[in-house]
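Participant: One structure, as C-alpha cells, below. Some questions next.
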Amino acid sequence: MPATPPRTLSPSKVSSFTDCPLAFRFSIIDRLPEPPSPHALKGTLVHAALEGLFWHHPAGERTREAAGHELALAWSALQSDPEFTALGMGAEQETAFFDDARLLVSNYFELEDPDAVRAVGVELGLESVVGDVRLRGIIDRLDLTDEGDLVVIDYKTGRAPSARFEHGRLTGVHAYALLCERVLGRIPVEVRLLHLRDPVSITALPSEQSLRGQRQRTAAVWQAIVRACDRDDFRPRPGPLCRSCNFQSLCPAFESAAEPALVAS
Ligand code: SF4
C-alpha cells in the first residue's frame, strides 16, 4: 500500500531521507516513538539560552552574565519537560549535563561579540513552495550588516565536521538561503555555522548558482520521497549512523550487518 508523503520538507527531513530512507520512513512517515536524545535536549537548552540573550537583552547588555541568566531560566523550564524527565538522570549526570551546556554557551562568546550584532530575527520560521513541495525551516538568527545585507546564523552544538565532510554539511544550510530569497526577496550574503563545541565558525557564501543547485536538490529529494511512498520502497542505507539508529531492531540491514560479529564471537 502506498505511504503518505509528509506535508512539508525541511533541511532535517532532507538529511534524514538521504542518510537512510528506511530510518526516514520509520521516523517521519510512520512516526514511530523514539527515545529522548540527551544530545538533542542539550541543543534545545543551549539554543533557548542564546535565543533569550537576543530577545531579552539589547546590544550593550549581552554579557556572559546575561547569557548565564538565560541558561538558568531555560534549565529551570527543562526540568518539567517530559522528554528530559524520561532520561532519568541522577544528580551527578544532571550536573555534568548542565556544566557542558554552560561550556557551550561560554564558547559562543569566543566566536562573536553579541553586542556588535544587529539581529532582525530569532528562531525565525520561514516557509515557501519550491517546485512541488512546501519547504520550511527555522533560522536560529537573522542578522543585518551595516551595509544592509542579511546573514543567517545557525548554532551547532555538535563537533564541526572535518574538511572532508564540510561541504556535505553546508549543503543543508543553503536551504536557509533559498528560503530567505523566496520569502524575504533577498539572498543572504553569508550563512554562518557557529560550532560551539570546538568552537569554530564555518561560513558559506550563497550565490545564484548555489541557490539554483539547492532548488534542484530539493526537487530531486522530494521526487525520490514521493516515488518511495508510491512504491512503499524505502531501502536501508547502512553506514556510521546505524550505531545510534533507534530502529536497529526493525532493520533487516542492521541484523545482517551484526551477524558476522555474532558468529566471530
Ligand atoms: S540501522 Fe542503519 S540501515 Fe537500518 S534503518 Fe537504521 S540507519 Fe538505516
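The chains in the C-alpha cells are called A, B, ... from first to last as shown; in each chain the residues are counted from 1, and the ligands are counted from 1 in the order shown.
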Quick one: DSSP alpha helix (DSSP H) residues in region 33-264 of chain A, as a PyMOL selection string?

Facilitator: chain A and resi 38-56+64-78+82-86+91-111+163-184+208-231+252-264

Participant: Considering only C-alpha atoms, return as a ChimeraX atom specification whatever protein or nucleic-acid residues lie within 9 Å of Gly131 (chain A), sequence-local ones (same chain, fewer than 5 positions apart) excluded.

Facilitator: /A:215,218-219

Participant: Print the selection's residues with N, CA and C atoms to a file, as a PDB file, in the first residue's frame.

Facilitator:
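Result saved to part02.pdb:
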```
ATOM      1  N   ARG A 215      17.680  24.423  -5.275  1.00  0.00           N
ATOM      2  CA  ARG A 215      16.323  24.186  -5.805  1.00  0.00           C
ATOM      3  C   ARG A 215      16.267  22.815  -6.481  1.00  0.00           C
ATOM      4  N   THR A 218      16.456  20.066  -3.834  1.00  0.00           N
ATOM      5  CA  THR A 218      15.187  19.954  -3.101  1.00  0.00           C
ATOM      6  C   THR A 218      14.167  19.198  -3.954  1.00  0.00           C
ATOM      7  N   ALA A 219      14.073  19.570  -5.243  1.00  0.00           N
ATOM      8  CA  ALA A 219      13.107  18.909  -6.136  1.00  0.00           C
ATOM      9  C   ALA A 219      13.447  17.432  -6.286  1.00  0.00           C
TER      10      ALA A 219
END
```

Participant: Can you pull out every residue with an atom within 8 Å of ligand 1? Use only C-alpha atoms and all ligand atoms and format it as number ranges by chain.

Facilitator: A: 19-24, 26, 235-254

Participant: Out of A:Ala119, A:Asp99, A:Glu70, A:Pro5, which residue has the shortest atom-to-atom distance to His56 (chain A) when counting only C-alpha atoms?

Facilitator: A:Glu70

Participant: Which residues are close to Ile29 (chain A), i.e. within 12 Å by only C-alpha atoms, leaving aside same-chain residues fewer than 5 positions away? Reply as a PyMOL selection string.

Facilitator: chain A and resi 2-8+13+16-17+21-24+225-226+228-229+232+234

Participant: Output as CSV one row per residue of region 124-149 of chain A within 12 Å of region 192-209 of chain A: the closest atom pair and its distance in Å to one decimal place, counting only C-alpha atoms, sorted by chain and residue number ascending.

Facilitator:
```
residue,atom,partner,partner_atom,distance
A:Ile139,CA,A:Arg192,CA,11.1
A:Asp140,CA,A:Leu193,CA,10.1
A:Arg141,CA,A:Arg192,CA,10.0
A:Leu142,CA,A:Arg192,CA,10.2
A:Asp143,CA,A:Arg192,CA,10.5
```

Participant: Excluding same-chain residues fewer than 6 positions from Pro11 (chain A), what lies within 7 Å of it counting only C-alpha atoms, as a count of residues only?

Facilitator: 3

Participant: Could you go through region 5-240 of chain A and tell me which residues DSSP, when run on the backbone, assigns to strand (DSSP E or B), listing them as a ChimeraX atom specification?

Facilitator: /A:8-9,119-130,133-144,150-156,190-195,200-204

Participant: Nearest to Gly121 (chain A) among A:Asp30, A:Glu51, A:Asp230, A:Asp146, with distances taken over only C-alpha atoms: which residue is it?

Facilitator: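 Counting only C-alpha atoms, the residue closest to Gly121 (chain A) is A:Glu51.
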
Participant: Tell me which protein, DNA and RNA residues are within 12 Å of region 78-93 of chain A, counting only C-alpha atoms, leaving out same-chain ones fewer than 6 positions away, and put them as a list in words.

Facilitator: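 So, after excluding close chain neighbours, the residues are Pro33, Glu34, Pro35, Pro36, Ser37, Pro38, His39, Ala40, Leu41, Lys42, Gly43, Thr44, Leu45, Val46, Ala48, Ala49, Leu71, Ala72, Asp99 and Asp100 of chain A.
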
Participant: Could you check which of A:Cys180, A:Ala74, A:Ile28, A:Ala96 is closest to Leu9 (chain A), using only C-alpha atoms?

Facilitator: A:Ile28

Participant: Work out how far apart CA of Glu190 (chain A) and CA of Glu123 (chain A) are and give it in Å to one decimal.

Facilitator: 17.3 Å

Participant: Excluding region 62-66 of chain A and residues on its chain fewer than 6 positions from it, collect all residues at most 7 Å away from it, counting only C-alpha atoms, and give them as a tab-separated table (two decimals) with C-alpha atoms, in the first residue's frame.

Facilitator:
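Saved as around_19.tsv:
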```tsv
chain	number	residue	atom	x	y	z
A	53	LEU	CA	20.14	36.56	25.11
A	106	SER	CA	30.53	30.28	27.19
A	114	PRO	CA	26.85	39.69	20.61
A	115	ASP	CA	26.84	43.43	21.37
```

Participant: Would you kindly return, as a list in words, each protein, DNA or RNA residue with an atom no farther than 8 Å from any atom of Gln214 (chain A), considering only C-alpha atoms and excluding same-chain residues fewer than 2 positions away?

Facilitator: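 Listing them by chain and then by number gives Thr171, His174, Ala175, Leu178, Ser210, Leu211, Arg212, Gln216, Arg217 and Thr218 of chain A.
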
Participant: Take the residues just selected and output them with N, CA and C atoms as a PDB file, in the first residue's frame.

Facilitator:
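Below is the file part.pdb, written as the result:
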```pdb
ATOM      1  N   THR A 171      25.591  21.823   2.548  1.00  0.00           N
ATOM      2  CA  THR A 171      24.517  21.672   1.572  1.00  0.00           C
ATOM      3  C   THR A 171      23.175  22.019   2.203  1.00  0.00           C
ATOM      4  N   HIS A 174      22.267  25.793   2.764  1.00  0.00           N
ATOM      5  CA  HIS A 174      21.850  26.586   1.602  1.00  0.00           C
ATOM      6  C   HIS A 174      20.322  26.617   1.481  1.00  0.00           C
ATOM      7  N   ALA A 175      19.654  25.652   2.116  1.00  0.00           N
ATOM      8  CA  ALA A 175      18.188  25.688   2.131  1.00  0.00           C
ATOM      9  C   ALA A 175      17.700  26.950   2.847  1.00  0.00           C
ATOM     10  N   LEU A 178      17.952  29.746   0.470  1.00  0.00           N
ATOM     11  CA  LEU A 178      16.869  29.656  -0.513  1.00  0.00           C
ATOM     12  C   LEU A 178      15.569  30.200   0.084  1.00  0.00           C
ATOM     13  N   SER A 210      24.456  28.640  -6.303  1.00  0.00           N
ATOM     14  CA  SER A 210      24.228  27.681  -5.210  1.00  0.00           C
ATOM     15  C   SER A 210      22.737  27.536  -4.923  1.00  0.00           C
ATOM     16  N   LEU A 211      21.976  28.627  -5.097  1.00  0.00           N
ATOM     17  CA  LEU A 211      20.531  28.534  -4.890  1.00  0.00           C
ATOM     18  C   LEU A 211      19.858  27.698  -5.969  1.00  0.00           C
ATOM     19  N   ARG A 212      20.367  27.841  -7.203  1.00  0.00           N
ATOM     20  CA  ARG A 212      19.815  27.020  -8.283  1.00  0.00           C
ATOM     21  C   ARG A 212      20.070  25.544  -7.960  1.00  0.00           C
ATOM     22  N   GLN A 216      17.310  22.507  -7.268  1.00  0.00           N
ATOM     23  CA  GLN A 216      17.330  21.213  -7.981  1.00  0.00           C
ATOM     24  C   GLN A 216      17.422  20.055  -6.993  1.00  0.00           C
ATOM     25  N   ARG A 217      18.250  20.264  -5.970  1.00  0.00           N
ATOM     26  CA  ARG A 217      18.424  19.201  -4.975  1.00  0.00           C
ATOM     27  C   ARG A 217      17.120  18.969  -4.204  1.00  0.00           C
ATOM     28  N   THR A 218      16.456  20.066  -3.834  1.00  0.00           N
ATOM     29  CA  THR A 218      15.187  19.954  -3.101  1.00  0.00           C
ATOM     30  C   THR A 218      14.167  19.198  -3.954  1.00  0.00           C
TER      31      THR A 218
END
```

Participant: Return the single residue from A:Ala77, A:Asp149, A:Trp55, A:Gln223 that is closest to Ile187 (chain A), with distances computed using only C-alpha atoms.

Facilitator: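 Of all the options, A:Asp149 lies closest to Ile187 (chain A).
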
Participant: Which distance in Å separates CA of Asn107 (chain A) and CA of Tyr155 (chain A), to one decimal?

Facilitator: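 Separation between CA of Asn107 (chain A) and CA of Tyr155 (chain A): 11.4 Å.
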